[in-house]
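Here is the file data.pdb (PDB, C-alpha atoms and all ligand atoms).
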MODEL        1
ATOM      1  CA  MET A 491       6.319  35.726   8.412
ATOM      2  CA  ARG A 492       4.769  37.715   5.632
ATOM      3  CA  SER A 493       5.970  41.300   5.314
ATOM      4  CA  SER A 494       2.403  42.653   5.154
ATOM      5  CA  PRO A 495       0.409  40.920   7.913
ATOM      6  CA  LEU A 496      -3.322  40.400   7.414
ATOM      7  CA  PRO A 497      -5.704  42.295   9.698
ATOM      8  CA  LEU A 498      -6.495  40.335  12.871
ATOM      9  CA  ALA A 499     -10.142  39.817  11.882
ATOM     10  CA  ALA A 500      -9.101  38.211   8.606
ATOM     11  CA  LEU A 501      -6.683  35.902  10.434
ATOM     12  CA  VAL A 502      -9.393  34.794  12.852
ATOM     13  CA  ALA A 503     -11.766  34.141   9.951
ATOM     14  CA  LEU A 504      -9.104  32.119   8.118
ATOM     15  CA  ALA A 505      -8.331  30.093  11.221
ATOM     16  CA  SER A 506     -11.989  29.175  11.750
ATOM     17  CA  LEU A 507     -12.323  28.270   8.087
ATOM     18  CA  ALA A 508      -9.275  26.005   8.300
ATOM     19  CA  LEU A 509     -10.690  24.289  11.408
ATOM     20  CA  ALA A 510     -14.094  23.829   9.767
ATOM     21  CA  CYS A 511     -12.480  22.334   6.647
ATOM     22  CA  ARG A 512     -10.339  20.059   8.807
ATOM     23  CA  GLY A 513     -13.471  18.796  10.532
ATOM     24  CA  ALA A 514     -15.298  18.176   7.276
ATOM     25  CA  ASP A 515     -12.308  16.459   5.712
ATOM     26  CA  ALA A 516     -11.039  14.594   8.755
ATOM     27  CA  ARG A 517     -12.290  11.219   7.575
ATOM     28  CA  ARG A 518     -10.820  11.602   4.129
ATOM     29  CA  THR A 519      -7.485  12.817   5.494
ATOM     30  CA  ASP A 520      -7.188   9.911   7.903
ATOM     31  CA  ALA A 521      -8.162   7.256   5.378
ATOM     32  CA  PRO A 522      -7.758   8.690   1.916
ATOM     33  CA  ARG A 523      -9.860   7.185  -0.822
ATOM     34  CA  ALA A 524      -9.512   8.200  -4.440
ATOM     35  CA  ASP A 525     -12.636  10.342  -4.490
ATOM     36  CA  ALA A 526     -16.067  10.792  -2.999
ATOM     37  CA  ALA A 527     -17.609   8.176  -5.264
ATOM     38  CA  ARG A 528     -15.129   5.582  -4.070
ATOM     39  CA  ALA A 529     -15.774   6.487  -0.464
ATOM     40  CA  GLU A 530     -19.437   5.706  -1.068
ATOM     41  CA  ALA A 531     -18.748   2.466  -2.954
ATOM     42  CA  PRO A 532     -20.733  -0.439  -1.505
ATOM     43  CA  ARG A 533     -18.780  -2.011   1.307
ATOM     44  CA  ASP A 534     -20.030  -3.677   4.415
ATOM     45  CA  ALA A 535     -19.899  -1.797   7.682
ATOM     46  CA  ALA A 536     -17.082  -3.915   9.095
ATOM     47  CA  SER A 537     -14.895  -3.229   6.086
ATOM     48  CA  ARG A 538     -15.612   0.487   6.232
ATOM     49  CA  ALA A 539     -14.778   0.552   9.921
ATOM     50  CA  ALA A 540     -11.529  -1.248   9.183
ATOM     51  CA  ASP A 541     -10.671   1.428   6.614
ATOM     52  CA  ASP A 542     -11.013   4.047   9.283
ATOM     53  CA  ALA A 543      -8.880   2.137  11.746
ATOM     54  CA  PRO A 544      -5.771   0.837   9.985
ATOM     55  CA  PRO A 545      -3.506  -1.587  11.887
ATOM     56  CA  ALA A 546      -1.374  -0.178  14.690
ATOM     57  CA  ALA A 547       0.650   2.562  13.105
ATOM     58  CA  PRO A 548       1.745   6.048  14.029
ATOM     59  CA  SER A 549      -0.994   8.667  13.908
ATOM     60  CA  ALA A 550      -1.433  10.511  10.640
ATOM     61  CA  ASP A 551      -1.983  13.724  12.552
ATOM     62  CA  ALA A 552       0.821  16.170  13.073
ATOM     63  CA  PRO A 553       2.684  15.411  16.310
ATOM     64  CA  ASP A 554       1.633  18.658  17.979
ATOM     65  CA  GLY A 555      -2.038  18.065  17.154
ATOM     66  CA  ALA A 556      -2.115  20.895  14.622
ATOM     67  CA  PRO A 557      -4.533  20.393  11.751
ATOM     68  CA  LEU A 558      -2.965  18.816   8.678
ATOM     69  CA  PRO A 559      -2.956  20.873   5.508
ATOM     70  CA  ASP A 560      -5.402  19.751   2.873
ATOM     71  CA  ALA A 561      -5.282  20.139  -0.886
ATOM     72  CA  GLY A 562      -8.529  22.061  -0.790
ATOM     73  CA  ASP A 563      -7.756  24.737   1.742
ATOM     74  CA  VAL A 564      -4.049  25.340   2.008
ATOM     75  CA  ALA A 565      -1.734  26.682  -0.659
ATOM     76  CA  PRO A 566       1.006  24.206  -1.652
ATOM     77  CA  ASP A 567       4.121  24.716   0.402
ATOM     78  CA  ALA A 568       7.319  24.237  -1.551
ATOM     79  CA  GLY A 569       9.234  24.444   1.733
ATOM     80  CA  GLU A 570       8.229  21.021   3.012
ATOM     81  CA  PRO A 571       8.034  17.713   1.147
ATOM     82  CA  PRO A 572       4.846  15.634   1.195
ATOM     83  CA  THR A 573       4.697  13.708   4.482
ATOM     84  CA  ALA A 574       4.498  10.430   2.567
ATOM     85  CA  PHE A 575       8.165  10.836   1.616
ATOM     86  CA  ALA A 576       9.451  10.582   5.174
ATOM     87  CA  CYS A 577       7.299   7.479   5.594
ATOM     88  CA  LEU A 578       8.471   5.922   2.335
ATOM     89  CA  ALA A 579      12.073   6.512   3.385
ATOM     90  CA  ALA A 580      11.454   4.209   6.351
ATOM     91  CA  HIS A 581      10.614   1.357   3.975
ATOM     92  CA  TYR A 582      12.322   2.114   0.650
ATOM     93  CA  ALA A 583      15.388   3.721  -0.889
ATOM     94  CA  GLY A 584      15.143   7.352  -1.995
ATOM     95  CA  ARG A 585      14.912  10.852  -0.635
ATOM     96  CA  ALA A 586      12.741  13.900  -1.211
ATOM     97  CA  ALA A 587      13.964  16.348  -3.841
ATOM     98  CA  LEU A 588      12.389  19.577  -5.017
ATOM     99  CA  GLY A 589      12.639  20.319  -8.727
ATOM    100  CA  ALA A 590      11.105  22.794 -11.145
ATOM    101  CA  SER A 591       7.983  20.665 -11.539
ATOM    102  CA  GLY A 592       7.509  20.013  -7.840
ATOM    103  CA  TRP A 593       8.453  17.422  -5.265
ATOM    104  CA  ALA A 594       9.907  14.134  -6.390
ATOM    105  CA  LEU A 595      11.439  11.061  -4.818
ATOM    106  CA  GLU A 596      15.085  10.892  -5.851
ATOM    107  CA  LEU A 597      16.432   7.360  -6.082
ATOM    108  CA  PRO A 598      20.059   6.455  -5.269
ATOM    109  CA  GLY A 599      20.970   6.447  -8.995
ATOM    110  CA  GLY A 600      19.634   9.998  -9.367
ATOM    111  CA  ALA A 601      16.363   9.142 -11.152
ATOM    112  CA  ARG A 602      13.368  11.091  -9.880
ATOM    113  CA  ILE A 603       9.794   9.879  -9.477
ATOM    114  CA  PRO A 604       7.327  12.769  -9.282
ATOM    115  CA  TYR A 605       5.098  12.895  -6.238
ATOM    116  CA  ASP A 606       2.215  14.064  -8.393
ATOM    117  CA  ASP A 607       2.482  14.035 -12.178
ATOM    118  CA  GLY A 608      -0.709  16.079 -12.414
ATOM    119  CA  ARG A 609      -2.570  13.523 -14.546
ATOM    120  CA  ALA A 610      -6.112  12.421 -13.786
ATOM    121  CA  LYS A 611      -6.053   8.629 -13.790
ATOM    122  CA  ARG A 612      -8.215   5.584 -13.546
ATOM    123  CA  THR A 613      -6.789   2.596 -11.679
ATOM    124  CA  ALA A 614      -5.408   1.008 -14.866
ATOM    125  CA  ASP A 615      -3.475   4.235 -15.599
ATOM    126  CA  ARG A 616      -2.148   4.363 -12.043
ATOM    127  CA  ILE A 617      -0.913   0.779 -12.416
ATOM    128  CA  ALA A 618       0.606   1.408 -15.865
ATOM    129  CA  SER A 619       2.387   4.687 -15.050
ATOM    130  CA  PRO A 620       2.267   5.537 -11.374
ATOM    131  CA  ASP A 621       3.597   8.567  -9.573
ATOM    132  CA  ILE A 622       4.230   8.298  -5.835
ATOM    133  CA  GLU A 623       0.788   9.617  -4.959
ATOM    134  CA  ASP A 624      -0.874   6.861  -7.010
ATOM    135  CA  THR A 625       0.625   4.237  -4.694
ATOM    136  CA  PHE A 626      -1.643   5.475  -1.931
ATOM    137  CA  ALA A 627      -4.660   6.586  -3.956
ATOM    138  CA  LEU A 628      -6.693   3.409  -3.378
ATOM    139  CA  GLY A 629      -5.710   2.958   0.263
ATOM    140  CA  TYR A 630      -5.837  -0.645   1.464
ATOM    141  CA  PRO A 631      -8.814  -2.183   3.284
ATOM    142  CA  THR A 632      -8.374  -4.751   6.031
ATOM    143  CA  GLY A 633     -11.009  -6.565   8.081
ATOM    144  CA  ALA A 634     -13.804  -8.847   6.927
ATOM    145  CA  ILE A 635     -13.219 -10.367   3.493
ATOM    146  CA  ALA A 636     -15.763  -9.021   1.038
ATOM    147  CA  PRO A 637     -16.396  -9.628  -2.663
ATOM    148  CA  VAL A 638     -14.723  -6.994  -4.825
ATOM    149  CA  THR A 639     -17.172  -5.860  -7.484
ATOM    150  CA  ASP A 640     -15.752  -2.513  -8.637
ATOM    151  CA  PRO A 641     -13.253  -2.911 -11.512
ATOM    152  CA  GLU A 642     -11.421   0.153 -10.182
ATOM    153  CA  ASP A 643     -10.790  -1.578  -6.857
ATOM    154  CA  ASP A 644      -7.264  -3.020  -6.956
ATOM    155  CA  PRO A 645      -5.645  -1.665  -3.776
ATOM    156  CA  GLY A 646      -1.966  -2.591  -3.641
ATOM    157  CA  ARG A 647      -1.531  -3.315  -7.356
ATOM    158  CA  VAL A 648       0.091   0.056  -8.009
ATOM    159  CA  ARG A 649       3.879  -0.387  -7.827
ATOM    160  CA  VAL A 650       6.450   2.259  -8.697
ATOM    161  CA  GLU A 651       8.900  -0.200 -10.250
ATOM    162  CA  PRO A 652      12.052   1.982 -10.166
ATOM    163  CA  LEU A 653      11.515   2.388  -6.426
ATOM    164  CA  PHE A 654      11.280  -1.372  -5.968
ATOM    165  CA  ARG A 655      14.355  -1.971  -8.136
ATOM    166  CA  ALA A 656      16.345   0.617  -6.166
ATOM    167  CA  THR A 657      15.247  -0.921  -2.879
ATOM    168  CA  TYR A 658      15.316  -4.659  -3.530
ATOM    169  CA  GLY A 659      17.672  -5.100  -6.480
ATOM    170  CA  ALA A 660      17.817  -4.171 -10.139
ATOM    171  CA  SER A 661      18.626  -7.598 -11.533
ATOM    172  CA  GLU A 662      17.832 -11.237 -10.863
ATOM    173  CA  ARG A 663      21.355 -11.727  -9.543
ATOM    174  CA  GLU A 664      21.144  -8.718  -7.226
ATOM    175  CA  VAL A 665      17.809  -9.806  -5.758
ATOM    176  CA  SER A 666      18.896 -13.419  -5.560
ATOM    177  CA  SER A 667      21.962 -12.525  -3.495
ATOM    178  CA  ALA A 668      19.714 -10.672  -1.009
ATOM    179  CA  LEU A 669      17.458 -13.659  -0.295
ATOM    180  CA  VAL A 670      17.553 -15.338   3.104
ATOM    181  CA  PRO A 671      15.799 -18.483   4.396
ATOM    182  CA  VAL A 672      12.545 -18.058   6.343
ATOM    183  CA  LYS A 673      10.532 -20.794   8.076
ATOM    184  CA  LEU A 674       6.861 -20.826   7.172
ATOM    185  CA  ALA A 675       4.307 -23.531   7.964
ATOM    186  CA  GLY A 676       7.009 -26.156   8.450
ATOM    187  CA  LYS A 677       8.809 -25.292   5.212
ATOM    188  CA  THR A 678      11.742 -23.066   4.378
ATOM    189  CA  VAL A 679      11.320 -20.389   1.727
ATOM    190  CA  ARG A 680      13.709 -17.761   0.405
ATOM    191  CA  PHE A 681      12.690 -14.152   0.852
ATOM    192  CA  HIS A 682      14.333 -10.754   0.462
ATOM    193  CA  ARG A 683      16.238  -9.919   3.638
ATOM    194  CA  ARG A 684      14.415  -6.568   3.979
ATOM    195  CA  ALA A 685      11.048  -8.350   4.066
ATOM    196  CA  ALA A 686      12.156 -11.559   5.787
ATOM    197  CA  PRO A 687      11.566 -10.405   9.390
ATOM    198  CA  ALA A 688       7.940  -9.598   8.527
ATOM    199  CA  LEU A 689       7.453 -12.998   6.880
ATOM    200  CA  GLU A 690       8.998 -14.669   9.922
ATOM    201  CA  ARG A 691       6.385 -12.957  12.090
ATOM    202  CA  VAL A 692       3.671 -14.198   9.721
ATOM    203  CA  GLY A 693       5.147 -17.676  10.159
ATOM    204  CA  ALA A 694       4.820 -17.407  13.929
ATOM    205  CA  ARG A 695       1.213 -16.305  13.589
ATOM    206  CA  LEU A 696       0.433 -19.184  11.211
ATOM    207  CA  GLU A 697       2.060 -21.678  13.543
ATOM    208  CA  ALA A 698      -0.188 -20.528  16.383
ATOM    209  CA  LEU A 699      -3.202 -20.652  14.064
ATOM    210  CA  LEU A 700      -2.445 -24.181  12.889
ATOM    211  CA  GLY A 701      -2.085 -25.252  16.506
ATOM    212  CA  ASP A 702      -5.651 -24.097  17.140
ATOM    213  CA  GLU A 703      -7.115 -25.097  13.781
ATOM    214  CA  PRO A 704      -5.108 -27.877  12.094
ATOM    215  CA  ALA A 705      -7.603 -27.921   9.191
ATOM    216  CA  LEU A 706      -6.115 -24.646   7.969
ATOM    217  CA  GLY A 707      -3.019 -26.634   7.027
ATOM    218  CA  ARG A 708      -4.443 -27.479   3.627
ATOM    219  CA  PHE A 709      -4.019 -23.842   2.565
ATOM    220  CA  LEU A 710      -0.299 -24.046   3.317
ATOM    221  CA  ARG A 711       0.577 -27.621   2.394
ATOM    222  CA  VAL A 712       2.353 -26.980  -0.919
ATOM    223  CA  LEU A 713       3.450 -23.379  -1.187
ATOM    224  CA  GLY A 714       3.214 -21.821  -4.634
ATOM    225  CA  GLY A 715       6.549 -20.081  -4.276
ATOM    226  CA  THR A 716       8.310 -16.847  -3.404
ATOM    227  CA  PHE A 717      11.192 -15.580  -5.545
ATOM    228  CA  ALA A 718      10.737 -15.868  -9.303
ATOM    229  CA  SER A 719      12.199 -13.487 -11.843
ATOM    230  CA  ARG A 720       9.238 -12.921 -14.122
ATOM    231  CA  PRO A 721       6.758 -10.403 -15.420
ATOM    232  CA  ILE A 722       3.131 -10.400 -14.309
ATOM    233  CA  ALA A 723       1.176 -12.792 -16.551
ATOM    234  CA  GLY A 724      -0.123 -11.055 -19.656
ATOM    235  CA  THR A 725       1.855  -7.853 -19.012
ATOM    236  CA  GLU A 726       5.347  -6.418 -19.246
ATOM    237  CA  ARG A 727       5.246  -5.239 -15.647
ATOM    238  CA  THR A 728       7.535  -6.873 -13.109
ATOM    239  CA  SER A 729       5.927  -9.272 -10.667
ATOM    240  CA  ALA A 730       6.543  -8.618  -6.973
ATOM    241  CA  HIS A 731       7.918 -12.167  -6.954
ATOM    242  CA  ALA A 732      10.923 -10.885  -8.920
ATOM    243  CA  TRP A 733      11.944  -8.819  -5.887
ATOM    244  CA  GLY A 734      11.578 -11.669  -3.404
ATOM    245  CA  ILE A 735       8.815  -9.872  -1.480
ATOM    246  CA  ALA A 736       5.802 -11.977  -2.505
ATOM    247  CA  ILE A 737       4.626 -15.449  -1.577
ATOM    248  CA  ASP A 738       1.939 -17.664  -3.084
ATOM    249  CA  ILE A 739       0.342 -20.096  -0.652
ATOM    250  CA  ASP A 740      -1.179 -23.450  -1.660
ATOM    251  CA  THR A 741      -2.163 -23.207  -5.325
ATOM    252  CA  SER A 742      -4.804 -25.935  -4.998
ATOM    253  CA  GLN A 743      -6.955 -23.561  -2.940
ATOM    254  CA  ALA A 744      -6.376 -20.495  -5.096
ATOM    255  CA  ASP A 745      -8.516 -18.475  -7.477
ATOM    256  CA  TYR A 746      -7.127 -16.174 -10.150
ATOM    257  CA  TRP A 747      -9.094 -13.761 -12.292
ATOM    258  CA  ARG A 748      -7.347 -14.708 -15.542
ATOM    259  CA  SER A 749      -8.031 -18.416 -15.226
ATOM    260  CA  SER A 750     -11.450 -18.292 -13.617
ATOM    261  CA  PRO A 751     -14.105 -20.324 -15.450
ATOM    262  CA  LYS A 752     -16.585 -17.467 -15.078
ATOM    263  CA  PRO A 753     -16.288 -13.745 -14.437
ATOM    264  CA  GLY A 754     -16.617 -12.317 -10.969
ATOM    265  CA  TRP A 755     -14.616 -12.331  -7.768
ATOM    266  CA  ARG A 756     -14.238 -15.622  -5.935
ATOM    267  CA  ASN A 757     -12.197 -16.801  -2.983
ATOM    268  CA  ARG A 758     -11.585 -19.839  -0.781
ATOM    269  CA  ILE A 759      -8.784 -18.487   1.433
ATOM    270  CA  PRO A 760     -10.022 -18.144   5.034
ATOM    271  CA  GLN A 761     -10.070 -14.903   6.978
ATOM    272  CA  ALA A 762      -7.618 -16.078   9.638
ATOM    273  CA  ILE A 763      -4.838 -16.640   7.112
ATOM    274  CA  VAL A 764      -5.451 -13.294   5.425
ATOM    275  CA  ASP A 765      -5.417 -11.564   8.810
ATOM    276  CA  ALA A 766      -2.078 -13.183   9.731
ATOM    277  CA  PHE A 767      -0.382 -11.756   6.645
ATOM    278  CA  GLU A 768      -2.043  -8.348   6.697
ATOM    279  CA  ALA A 769      -1.109  -7.893  10.357
ATOM    280  CA  GLU A 770       2.551  -7.931   9.273
ATOM    281  CA  GLY A 771       2.313  -5.558   6.326
ATOM    282  CA  PHE A 772       1.403  -7.912   3.481
ATOM    283  CA  VAL A 773      -1.312  -7.034   0.979
ATOM    284  CA  TRP A 774      -3.493  -9.860  -0.256
ATOM    285  CA  GLY A 775      -4.505 -10.430  -3.886
ATOM    286  CA  GLY A 776      -8.011 -11.335  -2.726
ATOM    287  CA  ARG A 777      -8.694  -7.638  -2.073
ATOM    288  CA  TRP A 778      -8.433  -6.993  -5.800
ATOM    289  CA  PHE A 779     -11.088  -6.974  -8.482
ATOM    290  CA  HIS A 780      -8.334  -8.601 -10.570
ATOM    291  CA  TYR A 781      -7.989 -11.178  -7.831
ATOM    292  CA  ASP A 782      -5.134 -13.570  -7.162
ATOM    293  CA  THR A 783      -6.078 -15.190  -3.897
ATOM    294  CA  MET A 784      -2.904 -17.186  -3.208
ATOM    295  CA  HIS A 785      -0.785 -14.030  -3.487
ATOM    296  CA  PHE A 786       0.587 -12.073  -0.516
ATOM    297  CA  GLU A 787       3.062  -9.232  -1.002
ATOM    298  CA  TYR A 788       5.091  -7.188   1.475
ATOM    299  CA  ARG A 789       3.915  -3.565   1.166
ATOM    300  CA  PRO A 790       4.526  -1.942   4.539
ATOM    301  CA  GLU A 791       3.861   1.559   3.208
ATOM    302  CA  LEU A 792       0.188   0.689   2.745
ATOM    303  CA  PHE A 793      -0.199  -0.121   6.439
ATOM    304  CA  ASP A 794       1.794   2.815   7.794
ATOM    305  CA  GLY A 795      -0.463   5.658   8.865
ATOM    306  CA  ARG A 796       2.265   8.207   8.193
ATOM    307  CA  CYS A 797       2.170   7.307   4.504
ATOM    308  CA  ARG A 798      -1.597   7.500   4.294
ATOM    309  CA  ALA A 799      -1.928  11.221   4.810
ATOM    310  CA  PRO A 800       0.101  12.542   1.900
ATOM    311  CA  ARG A 801       0.595  16.239   1.981
ATOM    312  CA  PRO A 802      -0.147  18.259  -1.129
ATOM    313  CA  GLY A 803       3.420  19.297  -1.880
ATOM    314  CA  ARG A 804       4.565  20.533  -5.253
TER
HETATM  315 ZN    ZN A 901       1.939 -14.334  -6.390
ENDMDL
END
Written form, structure tokens:
Amino acid sequence: MRSSPLPLAALVALASLALACRGADARRTDAPRADAARAEAPRDAASRAADDAPPAAPSADAPDGAPLPDAGDVAPDAGEPPTAFACLAAHYAGRAALGASGWALELPGGARIPYDDGRAKRTADRIASPDIEDTFALGYPTGAIAPVTDPEDDPGRVRVEPLFRATYGASEREVSSALVPVKLAGKTVRFHRRAAPALERVGARLEALLGDEPALGRFLRVLGGTFASRPIAGTERTSAHAWGIAIDIDTSQADYWRSSPKPGWRNRIPQAIVDAFEAEGFVWGGRWFHYDTMHFEYRPELFDGRCRAPRPGR
């Protein structure tokens, strides 16, 4: 408690203001988009609805139903870490640490990734030098596949590499020794043991799908591969394949922005296959302006509602 309490009338006024702000910002808090302009970006109604209703995940609201703090109306609270940290800890290595410049995620080796580095960024900057907050800035849409026409729209391409190295392995040998076999569409692939159970569940979904619609088999006939220690083409950034958490499905049905004969998003992968992966926490490269439609990558934090309501900690 503060030592000099505010008059009751002022407290009541503050409480109503907080409730009003919570109401106005409820949509943004539940499904954060980078800014108002992004929220109004052209998307079909189904996709927008899907944004508002992420896959089954714990509620982003506080357990007791109390309104969540918002950057606009509540002073930063150094006493509590951003809620995203507790969520990240469920999926990755690291713990919350408070330093002179605010909250950071401290990795097992002692390195710290700031929650918010305070820089205003476009998507390319978020991808090149992300803080923790940038991971969640673009959200991740599920639902009906739609052409991606905004160059800023690359949800799931922001990866905090030190966090991935600390979680999945810092070298090819380390990752390689953590790979386990997983059955998928009648084949056996090697996948990181932390992500393997999710891929196994995808496999079960695909098996059921292929039973109903055998024609879908052509998208899974020759898999493009899982583990490969390599950078992302044309960059020095590490590919998710290097951590054993990504899989490329049949390359003969794939489209890739770098090798496309003409500019503009294109895709041949059917909705049912995308849904099967996304339902188990995999992002799909077909949701990206810089599309890579055979690519699926295990990113459970982007489907976990607890991670999607980051608290403005400092
Ligand atoms: Zn890939």
Anything within 9 Å of (8.6, -23.2, 10.4): list those residues as a list in words, counting only C-alpha atoms and sticking to the file's coordinates.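 Using only C-alpha atoms, the matching residues come out as Val672, Lys673, Leu674, Ala675, Gly676, Lys677, Thr678, Glu690, Gly693, Ala694 and Glu697 of chain A.
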Using only C-alpha atoms and all ligand atoms, I'd like a table of the residues in chain A that come within 6 Å of ligand ZN 901 (chain A); for each, show the closest atom pair and its distance in Å rounded to one decimal, ordered by chain and ascending number, as a Markdown table.
| residue | atom | partner | partner_atom | distance |
| --- | --- | --- | --- | --- |
| A:Ala736 | CA | A:ZN901 | ZN | 6.0 |
| A:Ile737 | CA | A:ZN901 | ZN | 5.6 |
| A:Asp738 | CA | A:ZN901 | ZN | 4.7 |
| A:His785 | CA | A:ZN901 | ZN | 4.0 |
So that I have them on file, write out the residues from the current selection with C-alpha atoms, as a PDB file, in the coordinates of the input.
ATOM      1  CA  ALA A 736       5.802 -11.977  -2.505  1.00  0.00           C
ATOM      2  CA  ILE A 737       4.626 -15.449  -1.577  1.00  0.00           C
ATOM      3  CA  ASP A 738       1.939 -17.664  -3.084  1.00  0.00           C
ATOM      4  CA  HIS A 785      -0.785 -14.030  -3.487  1.00  0.00           C
TER       5      HIS A 785
END
Taking the file as I've supplied it (selection: the PyMOL selection byres (((chain A and resi 591) around 10) and not hetatm)), which residues are included? Please answer as number ranges by chain. A: 588-590, 592-594, 604-608, 804
Carefully work through the PyMOL selection byres (((chain A and resi 739) around 9) and not hetatm) for this structure and note down the residues it includes, as a short mmCIF file (atom, residue, chain, number, x, y, z; two decimals) with C-alpha atoms, in the coordinates of the input.
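Wrote it out as part_28.cif, contents follow:
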data_model
loop_
_atom_site.label_atom_id
_atom_site.label_comp_id
_atom_site.auth_asym_id
_atom_site.auth_seq_id
_atom_site.Cartn_x
_atom_site.Cartn_y
_atom_site.Cartn_z
CA PHE A 709 -4.02 -23.84 2.56
CA LEU A 710 -0.30 -24.05 3.32
CA ARG A 711 0.58 -27.62 2.39
CA VAL A 712 2.35 -26.98 -0.92
CA LEU A 713 3.45 -23.38 -1.19
CA GLY A 714 3.21 -21.82 -4.63
CA GLY A 715 6.55 -20.08 -4.28
CA ILE A 737 4.63 -15.45 -1.58
CA ASP A 738 1.94 -17.66 -3.08
CA ASP A 740 -1.18 -23.45 -1.66
CA THR A 741 -2.16 -23.21 -5.32
CA SER A 742 -4.80 -25.94 -5.00
CA GLN A 743 -6.96 -23.56 -2.94
CA ALA A 744 -6.38 -20.50 -5.10
CA THR A 783 -6.08 -15.19 -3.90
CA MET A 784 -2.90 -17.19 -3.21
CA HIS A 785 -0.78 -14.03 -3.49
CA PHE A 786 0.59 -12.07 -0.52
#
May I have the residues at most 9 Å from (12.8, -11.4, 3.7) in the file's coordinates, counting all atoms listed in the file, as a list in words?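 Looking at atoms near the point gives Ala668, Leu669, Val670, Pro671, Val672, Arg680, Phe681, His682, Arg683, Arg684, Ala685, Ala686, Pro687, Ala688, Leu689, Glu690, Gly734 and Ile735 of chain A.
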Atom CA of Pro751 of chain A to atom CA of Gly775 of chain A, distance in Å rounded to a single decimal: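 Atom-to-atom, atom CA of Pro751 of chain A and atom CA of Gly775 of chain A are spaced 18.0 Å apart.
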Residue members of the PyMOL selection byres (((chain A and resi 768) around 9) and not hetatm) in the file shown, as number ranges by chain: A: 545, 632, 692, 763-767, 769-774, 786, 788, 793
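The space between atom CA of Pro620 of chain A and atom CA of Arg727 of chain A spans 12.0 Å.
When atom CA of Val648 of chain A is paired with atom CA of Glu787 of chain A, their separation reads 12.0 Å.
The protein and nucleic acid residues lying at most 7 Å from Pro598 of chain A are Ala583, Gly584 and Ala656 of chain A, with all atoms listed in the file considered and sequence neighbours fewer than 6 positions away removed.
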Keeping only C-alpha atoms, take the residues you just selected and write them out as a compact mmCIF listing (two decimals), in the frame of the given file.
# COMPACT_ATOMS: atom_id res chain seq x y z
CA ALA A 583 15.39 3.72 -0.89
CA GLY A 584 15.14 7.35 -2.00
CA ALA A 656 16.34 0.62 -6.17
For segment 698-709 of chain A, which lacks atoms in the input, supply N, CA and C atoms and format the output as a CSV table (one decimal), in the coordinates of the input.
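Generated output (part11.csv):
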chain,number,residue,atom,x,y,z
A,698,ALA,N,0.8,-20.6,15.3
A,698,ALA,CA,-0.2,-20.5,16.4
A,698,ALA,C,-1.6,-20.9,15.9
A,699,LEU,N,-1.9,-20.4,14.7
A,699,LEU,CA,-3.2,-20.7,14.1
A,699,LEU,C,-3.4,-22.1,13.8
A,700,LEU,N,-2.4,-22.8,13.2
A,700,LEU,CA,-2.4,-24.2,12.9
A,700,LEU,C,-2.5,-25.0,14.2
A,701,GLY,N,-1.9,-24.5,15.2
A,701,GLY,CA,-2.1,-25.3,16.5
A,701,GLY,C,-3.5,-25.3,17.0
A,702,ASP,N,-4.2,-24.2,16.7
A,702,ASP,CA,-5.7,-24.1,17.1
A,702,ASP,C,-6.6,-24.8,16.1
A,703,GLU,N,-6.2,-24.6,14.9
A,703,GLU,CA,-7.1,-25.1,13.8
A,703,GLU,C,-6.3,-25.9,12.7
A,704,PRO,N,-6.0,-27.1,13.0
A,704,PRO,CA,-5.1,-27.9,12.1
A,704,PRO,C,-5.7,-28.0,10.7
A,705,ALA,N,-7.0,-27.8,10.5
A,705,ALA,CA,-7.6,-27.9,9.2
A,705,ALA,C,-7.1,-26.8,8.2
A,706,LEU,N,-6.6,-25.7,8.8
A,706,LEU,CA,-6.1,-24.6,8.0
A,706,LEU,C,-4.8,-25.1,7.2
A,707,GLY,N,-4.3,-26.2,7.6
A,707,GLY,CA,-3.0,-26.6,7.0
A,707,GLY,C,-3.1,-26.9,5.5
A,708,ARG,N,-4.3,-27.2,5.1
A,708,ARG,CA,-4.4,-27.5,3.6
A,708,ARG,C,-4.2,-26.2,2.8
A,709,PHE,N,-4.3,-25.1,3.3
A,709,PHE,CA,-4.0,-23.8,2.6
A,709,PHE,C,-2.5,-23.5,2.5
